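Raw coords-v5.cif, mmCIF, C-alpha atoms:
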data_start
loop_
_atom_site.label_atom_id
_atom_site.label_comp_id
_atom_site.auth_asym_id
_atom_site.auth_seq_id
_atom_site.Cartn_x
_atom_site.Cartn_y
_atom_site.Cartn_z
CA MET A 997 36.82 39.15 75.90
CA SER A 998 39.39 39.76 73.17
CA LEU A 999 38.83 42.11 70.24
CA LYS A 1000 38.75 39.10 67.93
CA ASP A 1001 35.96 37.46 69.95
CA LYS A 1002 33.98 40.70 70.14
CA VAL A 1003 34.23 41.26 66.38
CA GLN A 1004 33.33 37.63 65.68
CA ASN A 1005 30.20 37.83 67.86
CA LEU A 1006 29.09 41.15 66.36
CA LEU A 1007 29.74 39.91 62.83
CA GLU A 1008 27.76 36.70 63.38
CA GLU A 1009 24.85 38.72 64.76
CA ALA A 1010 24.94 41.22 61.87
CA LEU A 1011 25.08 38.44 59.27
CA SER A 1012 22.23 36.54 60.94
CA GLU A 1013 20.05 39.61 60.36
CA ARG A 1014 20.94 39.50 56.63
CA PRO A 1015 20.68 35.83 55.61
CA SER A 1016 21.63 36.49 51.97
CA LEU A 1017 25.10 37.72 53.08
CA PHE A 1018 27.97 35.48 54.16
CA LEU A 1019 31.54 35.85 55.37
CA ILE A 1020 34.45 35.20 53.02
CA ASN A 1021 37.34 36.34 55.19
CA GLN A 1022 37.99 38.17 58.44
CA LYS A 1023 41.39 39.41 59.62
CA ILE A 1024 42.46 41.38 62.63
CA HIS A 1025 45.99 42.67 62.18
CA PRO A 1026 48.40 43.35 65.07
CA ASP A 1027 47.69 47.11 64.82
CA ASN A 1028 43.95 46.35 65.44
CA SER A 1029 42.97 47.06 61.86
CA ILE A 1030 39.95 44.88 61.14
CA GLU A 1031 39.36 43.68 57.58
CA ILE A 1032 36.12 41.89 56.69
CA ILE A 1033 35.23 40.54 53.24
CA ILE A 1034 31.62 39.53 52.60
CA ASP A 1035 29.65 38.19 49.67
CA GLY A 1036 25.97 37.67 49.05
CA ASP A 1037 23.69 35.26 47.24
CA ASP A 1038 22.39 38.27 45.28
CA GLY A 1039 25.64 40.24 45.33
CA VAL A 1040 26.68 42.90 47.84
CA LYS A 1041 25.49 46.49 47.82
CA VAL A 1042 27.32 49.42 49.37
CA GLU A 1043 24.45 49.59 51.89
CA ASP A 1044 25.24 46.01 52.97
CA CYS A 1045 28.86 46.92 53.72
CA ILE A 1046 27.74 50.03 55.61
CA ALA A 1047 25.23 48.05 57.69
CA ILE A 1048 27.80 45.38 58.65
CA SER A 1049 30.37 48.07 59.41
CA ARG A 1050 27.95 49.99 61.65
CA ALA A 1051 26.83 46.84 63.47
CA ILE A 1052 30.44 46.20 64.46
CA GLU A 1053 31.77 49.73 64.89
CA HIS A 1054 28.86 51.03 66.99
CA ASN A 1055 29.24 48.16 69.44
CA LEU A 1056 32.97 48.49 70.06
CA ASP A 1057 34.42 51.05 72.44
CA ARG A 1058 37.20 53.13 70.88
CA GLU A 1059 38.34 54.09 74.38
CA GLU A 1060 38.92 50.43 75.14
CA GLU A 1061 40.24 49.29 71.76
CA ASP A 1062 41.87 51.61 69.23
CA PHE A 1063 40.87 50.05 65.90
CA SER A 1064 40.18 50.70 62.26
CA LEU A 1065 37.50 48.82 60.37
CA GLN A 1066 37.14 48.02 56.69
CA VAL A 1067 34.18 46.01 55.33
CA MET A 1068 34.26 45.15 51.64
CA SER A 1069 32.68 42.83 49.11
CA ALA A 1070 34.57 39.96 47.53
CA GLY A 1071 36.24 41.20 44.37
CA VAL A 1072 36.03 39.60 40.96
CA SER A 1073 39.80 39.08 40.92
CA GLU A 1074 39.61 36.96 44.07
CA GLY A 1075 38.90 33.28 43.67
CA LEU A 1076 35.76 31.52 44.80
CA VAL A 1077 36.19 30.03 48.27
CA ASN A 1078 32.66 29.36 49.50
CA GLN A 1079 30.11 26.90 48.11
CA ARG A 1080 27.49 29.68 48.11
CA GLN A 1081 29.73 31.64 45.72
CA TYR A 1082 29.65 28.77 43.25
CA LYS A 1083 25.84 28.57 43.46
CA LYS A 1084 25.40 32.24 42.63
CA ASN A 1085 27.72 31.90 39.61
CA VAL A 1086 25.92 29.03 37.85
CA GLY A 1087 25.72 29.94 34.17
CA ARG A 1088 28.93 31.96 34.21
CA LYS A 1089 32.31 31.01 32.77
CA LEU A 1090 34.89 29.83 35.32
CA LYS A 1091 38.58 29.04 35.17
CA VAL A 1092 39.28 26.14 37.51
CA LYS A 1093 42.79 25.02 38.43
CA THR A 1094 43.51 21.65 39.99
CA GLU A 1095 46.76 19.88 40.78
CA ASP A 1096 46.86 18.43 37.25
CA SER A 1097 44.97 20.77 34.93
CA THR A 1098 43.31 24.08 34.18
CA VAL A 1099 39.83 24.09 32.65
CA GLU A 1100 37.69 26.97 31.43
CA GLY A 1101 34.00 26.33 31.00
CA GLU A 1102 30.47 27.27 31.95
CA LEU A 1103 29.50 26.34 35.49
CA THR A 1104 26.37 24.27 34.92
CA SER A 1105 25.72 22.66 38.30
CA VAL A 1106 26.72 22.83 41.94
CA THR A 1107 26.09 20.09 44.51
CA GLU A 1108 27.18 19.48 48.08
CA ASP A 1109 30.29 17.65 46.84
CA HIS A 1110 31.26 19.01 43.44
CA ILE A 1111 30.80 21.43 40.56
CA THR A 1112 30.34 20.69 36.84
CA LEU A 1113 31.83 22.66 33.95
CA VAL A 1114 30.79 22.36 30.29
CA TRP A 1115 32.63 23.77 27.26
CA LYS A 1116 32.88 23.30 23.49
CA THR A 1117 36.10 22.40 21.71
CA ARG A 1118 37.21 21.48 18.20
CA GLU A 1119 38.59 17.95 17.76
CA PRO A 1120 39.69 15.90 14.74
CA LYS A 1121 36.89 13.86 13.17
CA PRO A 1122 36.94 10.19 14.17
CA VAL A 1123 36.98 9.30 10.46
CA GLY A 1124 38.28 11.45 7.65
CA LYS A 1125 39.85 14.88 7.58
CA GLY A 1126 38.74 18.03 9.33
CA LYS A 1127 37.44 18.88 12.77
CA ILE A 1128 34.11 18.78 14.55
CA THR A 1129 32.84 20.76 17.53
CA VAL A 1130 32.22 18.60 20.57
CA THR A 1131 30.83 19.41 24.00
CA LYS A 1132 32.95 18.37 26.97
CA GLU A 1133 31.84 18.08 30.58
CA VAL A 1134 33.86 17.53 33.74
CA SER A 1135 33.05 17.51 37.44
CA PHE A 1136 35.44 18.62 40.17
CA ALA A 1137 35.16 17.81 43.86
CA TYR A 1138 35.69 20.92 45.99
CA SER A 1139 38.74 19.21 47.53
CA GLU A 1140 40.37 19.00 44.06
CA ILE A 1141 40.01 22.72 43.30
CA LYS A 1142 43.14 24.74 43.98
CA GLU A 1143 41.70 27.96 42.52
CA ALA A 1144 38.46 28.94 40.79
CA LYS A 1145 37.80 32.36 39.27
CA VAL A 1146 34.93 33.87 37.35
CA MET A 1147 36.06 34.80 33.83
CA ILE A 1148 34.92 38.29 32.87
CA THR A 1149 33.94 38.61 29.22
CA PHE A 1150 33.21 41.83 27.38
#
Rendering of file as structure tokens:
Amino acid sequence: MSLKDKVQNLLEEALSERPSLFLINQKIHPDNSIEIIIDGDDGVKVEDCIAISRAIEHNLDREEEDFSLQVMSAGVSEGLVNQRQYKKNVGRKLKVKTEDSTVEGELTSVTEDHITLVWKTREPKPVGKGKITVTKEVSFAYSEIKEAKVMITF
């Protein structure tokens, strides 16, 4: 069994014991450095990374495979790639890029097929001078989204 298969099996087992955690990305580089990025429905604690790391590291033989292992949580600067990440960010401001546009708004709903963003903007009055504040809403299918990031506000 290859190192990749061993890591995959151990990772699946470790994640099955922690149902709130899920895999974002897994890489095994040619030098046998293993990089695992996880996220969680309720966030990821340092203890979660340690537990996943131990579940993998303690079941691999360093005599057989010389490897290094790094388990980390998905960073804020990385885009959202998993539907579960969208669900946990309902109510937060997102910046969503598609082929045609970029929209910033509050993530108000997540379904199996799409997400919905809502935002306020100032537009000219239909009649007369001046502007009014209007609420806009748009839905994006996951297949349309090229990049989606949580906007951090201070």
Given the file shown, determine the residues that the PyMOL selection byres ((chain A and resi 1131-1147) around 6) selects; report them as a count of residues only. 18
On this structure, which residues satisfy the PyMOL selection byres ((chain A and resi 1021-1038) around 10), written as a ChimeraX atom specification? /A:999-1000,1003-1004,1007,1011,1014-1020,1039-1041,1044-1045,1048-1049,1061-1071,1077-1078,1080-1085
Could you tell me how far atom CA of Ile1128 of chain A sits from atom CA of Glu1102 of chain A, in Å to one decimal place? 19.7 Å
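Distances to Gly1101 of chain A were evaluated for A:Gly1087, A:Val1123, A:Gln1079, A:Asn1055 using only C-alpha atoms, and the minimum falls at A:Gly1087.
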Evaluating the PyMOL selection byres ((chain A and resi 1119) around 8) on the displayed file yields which residues, as a list of chain:residue names?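 When the PyMOL selection byres ((chain A and resi 1119) around 8) is applied, the selected residues are A:Thr1117, A:Arg1118, A:Pro1120, A:Lys1121, A:Lys1127, A:Ile1128, A:Thr1129, A:Val1130.
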How many Å separate atom CA of Thr1149 of chain A from atom CA of Glu1100 of chain A?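 That distance, rounded to one decimal, is 12.4 Å.
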Between atom CA of Thr1107 of chain A and atom CA of Ala1010 of chain A, what distance in Å does the model show, to one decimal?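 Result for atom CA of Thr1107 of chain A versus atom CA of Ala1010 of chain A: 27.4 Å, one decimal.
Among A:Val1072, A:Ile1052, A:Thr1098, A:Phe1150, the residue with the shortest atom-to-atom distance to Asn1005 of chain A, counting all atoms listed in the file, is A:Ile1052.
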